[in-house]
>>> print(open('upload.csv').read())   # CSV, C-alpha atoms
chain,number,residue,atom,x,y,z
B,1,GLY,CA,-80.6,58.1,2.3
B,2,GLN,CA,-77.3,59.8,3.2
B,3,GLN,CA,-74.3,58.6,1.3
B,4,VAL,CA,-70.7,59.1,2.3
B,5,MET,CA,-68.1,58.5,-0.4
B,6,GLN,CA,-64.4,58.1,0.1
B,7,ILE,CA,-61.6,58.2,-2.4
B,8,PRO,CA,-59.2,56.6,-3.2
B,9,GLN,CA,-60.2,53.1,-2.2
B,10,TYR,CA,-56.5,52.0,-2.0
B,11,GLN,CA,-53.3,54.0,-1.8
B,12,HIS,CA,-49.7,52.6,-1.8
B,13,VAL,CA,-47.0,55.0,-0.8
B,14,GLN,CA,-43.3,54.9,-0.2
B,15,GLU,CA,-42.4,55.5,3.4
B,16,GLY,CA,-41.8,59.2,3.9
B,17,GLU,CA,-44.3,60.3,1.2
B,18,ASP,CA,-47.5,62.1,2.0
B,19,PHE,CA,-51.0,60.6,1.9
B,20,THR,CA,-54.4,62.2,1.5
B,21,THR,CA,-57.9,60.6,1.7
B,22,TYR,CA,-61.1,62.5,0.7
B,23,CYS,CA,-64.6,62.1,2.0
B,24,ASN,CA,-67.7,63.5,0.3
B,25,SER,CA,-71.2,63.5,1.6
B,26,SER,CA,-74.5,63.7,-0.4
B,27,THR,CA,-75.9,65.9,2.3
B,28,THR,CA,-74.6,68.7,4.6
B,29,LEU,CA,-73.2,67.2,7.7
B,30,SER,CA,-73.5,68.6,11.2
B,31,ASN,CA,-70.1,67.0,12.0
B,32,ILE,CA,-67.8,64.3,10.7
B,33,GLN,CA,-65.7,61.7,12.5
B,34,TRP,CA,-62.6,59.9,11.4
B,35,TYR,CA,-61.5,56.4,12.4
B,36,LYS,CA,-58.5,54.2,11.8
B,37,GLN,CA,-58.6,50.4,11.5
B,38,ARG,CA,-55.3,48.5,11.7
B,39,PRO,CA,-55.1,45.2,9.7
B,40,GLY,CA,-57.0,42.5,11.7
B,41,GLY,CA,-58.2,45.1,14.3
B,42,HIS,CA,-61.2,47.2,15.0
B,43,PRO,CA,-62.0,50.8,14.1
B,44,VAL,CA,-60.5,53.3,16.5
B,45,PHE,CA,-61.7,56.9,16.8
B,46,LEU,CA,-59.3,59.6,15.6
B,47,ILE,CA,-61.1,62.9,15.7
B,48,GLN,CA,-64.4,64.8,15.2
B,49,LEU,CA,-64.8,68.0,13.2
B,50,VAL,CA,-67.8,70.2,13.8
B,51,LYS,CA,-67.2,73.7,12.5
B,52,SER,CA,-67.3,74.8,8.8
B,53,GLY,CA,-63.7,75.1,7.5
B,54,GLU,CA,-62.3,73.6,10.7
B,55,VAL,CA,-58.7,72.3,10.6
B,56,LYS,CA,-57.3,70.1,13.3
B,57,LYS,CA,-53.8,68.5,13.6
B,58,GLN,CA,-52.6,65.4,15.5
B,59,LYS,CA,-48.9,65.2,15.0
B,60,ARG,CA,-48.4,64.3,11.3
B,61,LEU,CA,-52.2,64.0,10.7
B,62,THR,CA,-54.2,67.0,9.5
B,63,PHE,CA,-58.0,66.9,9.3
B,64,GLN,CA,-60.1,69.4,7.4
B,65,PHE,CA,-63.8,70.0,7.2
B,66,GLY,CA,-65.1,71.8,4.1
B,67,GLU,CA,-66.7,75.2,4.2
B,68,ALA,CA,-70.0,73.8,3.0
B,69,LYS,CA,-69.7,70.9,5.5
B,70,LYS,CA,-70.2,68.3,2.8
B,71,ASN,CA,-66.6,67.2,2.5
B,72,SER,CA,-63.5,66.4,4.6
B,73,SER,CA,-60.0,65.3,4.2
B,74,LEU,CA,-57.3,63.5,6.1
B,75,HIS,CA,-53.7,64.3,5.2
B,76,ILE,CA,-50.7,62.4,6.6
B,77,THR,CA,-47.3,64.0,6.2
B,78,ALA,CA,-44.2,61.8,5.8
B,79,THR,CA,-45.9,58.4,6.2
B,80,GLN,CA,-44.5,55.8,8.5
B,81,THR,CA,-45.1,52.0,8.6
B,82,THR,CA,-47.2,52.6,11.7
B,83,ASP,CA,-49.7,54.5,9.5
B,84,VAL,CA,-50.7,51.3,7.7
B,85,GLY,CA,-54.4,50.6,7.9
B,86,THR,CA,-57.8,51.6,6.6
B,87,TYR,CA,-59.1,55.1,7.3
B,88,PHE,CA,-62.8,55.7,7.5
B,89,CYS,CA,-64.9,58.9,7.7
B,90,ALA,CA,-68.4,58.8,9.2
B,91,GLY,CA,-71.2,61.3,9.2
B,92,PRO,CA,-74.5,61.2,11.2
B,93,SER,CA,-78.1,61.4,10.1
B,94,TYR,CA,-80.7,62.1,12.7
B,95,SER,CA,-84.0,60.4,13.3
B,96,GLY,CA,-85.3,62.0,16.5
B,97,ALA,CA,-84.1,63.4,19.8
B,98,GLY,CA,-80.8,61.8,20.6
B,99,SER,CA,-81.3,59.2,17.9
B,100,TYR,CA,-78.9,59.1,15.0
B,101,GLN,CA,-77.2,56.7,12.6
B,102,LEU,CA,-73.6,57.0,11.6
B,103,THR,CA,-72.9,56.4,7.9
B,104,PHE,CA,-69.4,55.2,7.2
B,105,GLY,CA,-67.5,55.7,4.0
B,106,LYS,CA,-66.0,52.6,2.4
B,107,GLY,CA,-62.6,53.6,3.6
B,108,THR,CA,-59.2,54.1,2.1
B,109,LYS,CA,-56.7,51.3,2.7
B,110,LEU,CA,-53.2,52.7,3.1
B,111,SER,CA,-50.1,50.6,2.4
B,112,VAL,CA,-46.7,51.9,3.2
B,113,ILE,CA,-43.7,50.5,1.4
B,114,PRO,CA,-40.6,50.7,3.7
Y,115,ASN,CA,-62.7,49.0,32.4
Y,116,ALA,CA,-62.9,46.2,29.8
Y,117,GLY,CA,-64.6,48.5,27.3
Y,118,VAL,CA,-66.7,46.8,24.6
Y,119,THR,CA,-66.5,43.0,24.6
Y,120,GLN,CA,-67.8,40.6,22.0
Y,121,THR,CA,-68.2,36.9,22.0
Y,122,PRO,CA,-67.5,34.6,20.3
Y,123,LYS,CA,-64.4,35.8,18.3
Y,124,PHE,CA,-65.0,33.2,15.6
Y,125,GLN,CA,-68.1,31.2,14.6
Y,126,VAL,CA,-69.0,28.8,11.8
Y,127,LEU,CA,-72.6,28.1,11.1
Y,128,LYS,CA,-74.5,26.0,8.7
Y,129,THR,CA,-77.2,27.6,6.6
Y,130,GLY,CA,-80.5,27.8,8.5
Y,131,GLN,CA,-78.9,27.7,12.0
Y,132,SER,CA,-79.6,30.4,14.5
Y,133,MET,CA,-77.2,32.0,16.9
Y,134,THR,CA,-76.7,35.1,19.1
Y,135,LEU,CA,-73.6,37.3,19.0
Y,136,GLN,CA,-73.0,38.8,22.4
Y,137,CYS,CA,-71.9,42.4,23.1
Y,138,ALA,CA,-71.4,44.1,26.4
Y,139,GLN,CA,-69.9,47.4,27.6
Y,140,ASP,CA,-69.0,48.6,31.0
Y,141,MET,CA,-68.8,52.3,30.3
Y,142,ASN,CA,-72.4,53.1,31.0
Y,143,HIS,CA,-73.0,54.2,27.4
Y,144,GLU,CA,-76.5,54.8,26.3
Y,145,TYR,CA,-75.9,54.3,22.6
Y,146,MET,CA,-75.0,50.9,21.2
Y,147,SER,CA,-74.9,49.6,17.6
Y,148,TRP,CA,-74.1,46.7,15.4
Y,149,TYR,CA,-72.1,46.9,12.1
Y,150,ARG,CA,-71.1,44.4,9.6
Y,151,GLN,CA,-67.9,44.8,7.6
Y,152,ASP,CA,-67.5,43.1,4.2
Y,153,PRO,CA,-64.5,43.6,1.9
Y,154,GLY,CA,-64.8,46.8,-0.1
Y,155,MET,CA,-68.1,47.8,1.6
Y,156,GLY,CA,-67.0,49.6,4.7
Y,157,LEU,CA,-69.0,49.4,7.9
Y,158,ARG,CA,-72.8,49.1,7.4
Y,159,LEU,CA,-75.2,49.7,10.3
Y,160,ILE,CA,-77.5,46.8,11.1
Y,161,HIS,CA,-79.4,47.9,14.3
Y,162,TYR,CA,-78.8,50.5,17.0
Y,163,SER,CA,-80.2,51.4,20.4
Y,164,VAL,CA,-80.3,54.8,22.1
Y,165,GLY,CA,-81.0,53.2,25.5
Y,166,ALA,CA,-82.4,50.2,27.3
Y,167,GLY,CA,-85.7,49.2,25.8
Y,168,ILE,CA,-85.3,51.2,22.6
Y,169,THR,CA,-83.9,49.8,19.3
Y,170,ASP,CA,-84.1,50.8,15.7
Y,171,GLN,CA,-83.1,49.5,12.3
Y,172,GLY,CA,-80.1,50.6,10.4
Y,173,GLU,CA,-79.1,50.2,6.8
Y,174,VAL,CA,-79.1,46.4,6.6
Y,175,PRO,CA,-81.5,45.0,9.3
Y,176,ASN,CA,-83.0,42.0,7.4
Y,177,GLY,CA,-82.2,38.7,8.9
Y,178,TYR,CA,-81.2,40.1,12.3
Y,179,ASN,CA,-83.0,40.9,15.5
Y,180,VAL,CA,-81.9,42.8,18.5
Y,181,SER,CA,-83.1,43.7,22.0
Y,182,ARG,CA,-81.8,45.9,24.7
Y,183,SER,CA,-83.0,44.9,28.2
Y,184,THR,CA,-80.1,46.5,30.1
Y,185,THR,CA,-77.7,49.4,29.4
Y,186,GLU,CA,-74.7,47.0,29.3
Y,187,ASP,CA,-75.8,44.3,26.8
Y,188,PHE,CA,-76.9,44.5,23.2
Y,189,PRO,CA,-77.1,41.0,21.7
Y,190,LEU,CA,-77.5,40.4,17.9
Y,191,ARG,CA,-79.6,37.4,16.9
Y,192,LEU,CA,-79.3,35.7,13.5
Y,193,LEU,CA,-82.6,33.9,13.0
Y,194,SER,CA,-81.8,31.6,10.1
Y,195,ALA,CA,-78.2,32.0,8.9
Y,196,ALA,CA,-77.5,32.5,5.2
Y,197,PRO,CA,-74.2,32.5,3.4
Y,198,SER,CA,-74.8,36.2,2.6
Y,199,GLN,CA,-74.4,36.8,6.4
Y,200,THR,CA,-70.8,35.7,6.3
Y,201,SER,CA,-69.0,38.8,7.6
Y,202,VAL,CA,-67.1,40.4,10.4
Y,203,TYR,CA,-69.5,41.9,13.0
Y,204,PHE,CA,-68.6,44.8,15.2
Y,205,CYS,CA,-70.5,46.1,18.2
Y,206,ALA,CA,-69.9,49.7,19.2
Y,207,SER,CA,-71.0,52.0,22.0
Y,208,SER,CA,-70.9,55.7,22.8
Y,209,TYR,CA,-72.3,58.2,25.2
Y,210,GLY,CA,-74.9,59.2,22.6
Y,211,ALA,CA,-75.1,62.6,21.2
Y,212,GLY,CA,-74.2,65.9,23.0
Y,213,SER,CA,-75.4,69.2,21.6
Y,214,GLY,CA,-76.6,67.2,18.6
Y,215,ASN,CA,-73.2,65.8,17.8
Y,216,PRO,CA,-72.5,62.1,18.2
Y,217,TYR,CA,-69.8,61.2,20.7
Y,218,GLU,CA,-67.0,58.9,19.6
Y,219,GLN,CA,-67.8,55.3,19.0
Y,220,TYR,CA,-65.9,52.6,20.9
Y,221,PHE,CA,-65.7,49.4,18.9
Y,222,GLY,CA,-65.4,45.8,20.2
Y,223,PRO,CA,-62.8,43.4,18.8
Y,224,GLY,CA,-65.3,41.9,16.4
Y,225,THR,CA,-66.8,38.5,15.6
Y,226,ARG,CA,-65.8,36.7,12.4
Y,227,LEU,CA,-68.8,34.7,11.2
Y,228,THR,CA,-68.8,32.1,8.4
Y,229,VAL,CA,-72.0,30.6,7.1
Y,230,THR,CA,-71.6,27.5,5.0
>>> encode(input="upload.csv", output="structure tokens")
Amino acid sequence: GQQVMQIPQYQHVQEGEDFTTYCNSSTTLSNIQWYKQRPGGHPVFLIQLVKSGEVKKQKRLTFQFGEAKKNSSLHITATQTTDVGTYFCAGPSYSGAGSYQLTFGKGTKLSVIP
Amino acid sequence: NAGVTQTPKFQVLKTGQSMTLQCAQDMNHEYMSWYRQDPGMGLRLIHYSVGAGITDQGEVPNGYNVSRSTTEDFPLRLLSAAPSQTSVYFCASSYGAGSGNPYEQYFGPGTRLTVT
């Protein structure tokens, strides 16, 4: 079945440093979603990328979808303590009209040292 | 709107006991799903449903049953709890898929289950 791999598993950064997490799929994806989970919380949707080579920005967060639609990245510029949490990517696999499964990567846990 | 609600928040079970984790959403979402989250394992799909009366298995369905009699509710049943089912369980819902692309998932607050 489809596999979605994320690296690194953990990242510790000083506040103000940049952070990047990478997501790679074993199959071509029609789209990819990113989620953030704060410590003790539940995953919250950040963004969806659909087009090959797409780049989207949300303030200090930049999301990219690879040209081959098999990889994606999330880059945070000048991290803040509010960025602490685990970041997940997720890609769909389809099993019929309107029926799909979302496969999540194992996530990258970001710690920010003030 | 309350969004996605889950009960209970915490539960301790003995091996062999059964229980039902409740999940409800008030957003009229067609698609609902159950995930379990274990340290270092990310979110793994247990079962999902694309609408009332329709359910299907995900990546890790063994030991769990689901049914979807209404659009709003999607309970998860543990038939005979085992220590390997100790985990945090999240229910999620979405509008489904538009133009072939899944809509964003809304997650509930989770149920932390311990099986001794």
>>> closest_residue(input="upload.csv", among="Y:Arg158, Y:Thr121, Y:Trp148, Y:Cys205", to="Phe88 (chain B)", atoms="only C-alpha atoms")
Y:Arg158
>>> closest_atom_pairs(input="upload.csv", of="chain Y", to="chain B", cutoff="6 Å", atoms="only C-alpha atoms", output="CSV")
residue,atom,partner,partner_atom,distance
Y:Met155,CA,B:Lys106,CA,5.3
Y:Gly156,CA,B:Lys106,CA,3.9
Y:Leu157,CA,B:Phe104,CA,5.9
Y:Ala211,CA,B:Gly98,CA,5.8
Y:Pro223,CA,B:His42,CA,5.6
>>> atom_distance(input="upload.csv", atom1="CA of Lys59 (chain B)", atom2="CA of Ser208 (chain Y)")
25.2 Å
>>> atom_distance(input="upload.csv", atom1="CA of Pro39 (chain B)", atom2="CA of Val13 (chain B)")
16.5 Å
>>> residues_around(input="upload.csv", residues="Tyr209 (chain Y)", least_positions_apart="4", cutoff="6 Å", atoms="all atoms listed in the file", output="PyMOL selection string")
chain Y and resi 143-145+217
>>> write_last_selection(input="upload.csv", atoms="C-alpha atoms", output="PDB file, keeping the file's coordinate frame")
ATOM      1  CA  HIS Y 143     -73.000  54.200  27.400  1.00  0.00           C
ATOM      2  CA  GLU Y 144     -76.500  54.800  26.300  1.00  0.00           C
ATOM      3  CA  TYR Y 145     -75.900  54.300  22.600  1.00  0.00           C
ATOM      4  CA  TYR Y 217     -69.800  61.200  20.700  1.00  0.00           C
TER       5      TYR Y 217
END
>>> residues_around(input="upload.csv", residues="Tyr203 (chain Y)", least_positions_apart="3", cutoff="6 Å", atoms="all atoms listed in the file", output="list of chain:residue names")
Y:Tyr149, Y:Arg150, Y:Gly224, Y:Thr225
>>> write_last_selection(input="upload.csv", atoms="C-alpha atoms", output="compact mmCIF listing (two decimals), keeping the file's coordinate frame")
# COMPACT_ATOMS: atom_id res chain seq x y z
CA TYR Y 149 -72.10 46.90 12.10
CA ARG Y 150 -71.10 44.40 9.60
CA GLY Y 224 -65.30 41.90 16.40
CA THR Y 225 -66.80 38.50 15.60
>>> residues_around(input="upload.csv", residues="Gly66 (chain B)", least_positions_apart="4", cutoff="8 Å", atoms="only C-alpha atoms", output="JSON, numbers by chain")
{"B": [52, 53, 54, 70, 71, 72]}
>>> write_last_selection(input="upload.csv", atoms="C-alpha atoms", output="compact mmCIF listing (two decimals), in the coordinates of the input")
# COMPACT_ATOMS: atom_id res chain seq x y z
CA SER B 52 -67.30 74.80 8.80
CA GLY B 53 -63.70 75.10 7.50
CA GLU B 54 -62.30 73.60 10.70
CA LYS B 70 -70.20 68.30 2.80
CA ASN B 71 -66.60 67.20 2.50
CA SER B 72 -63.50 66.40 4.60
>>> closest_residue(input="upload.csv", among="B:Gln37, B:Ser73, B:Gln64, B:Gln58", to="Gln6 (chain B)", atoms="all atoms listed in the file")
B:Ser73
>>> residues_around(input="upload.csv", residues="Gln80 (chain B)", least_positions_apart="4", cutoff="7 Å", atoms="all atoms listed in the file", output="number ranges by chain")
B: 15-16, 112
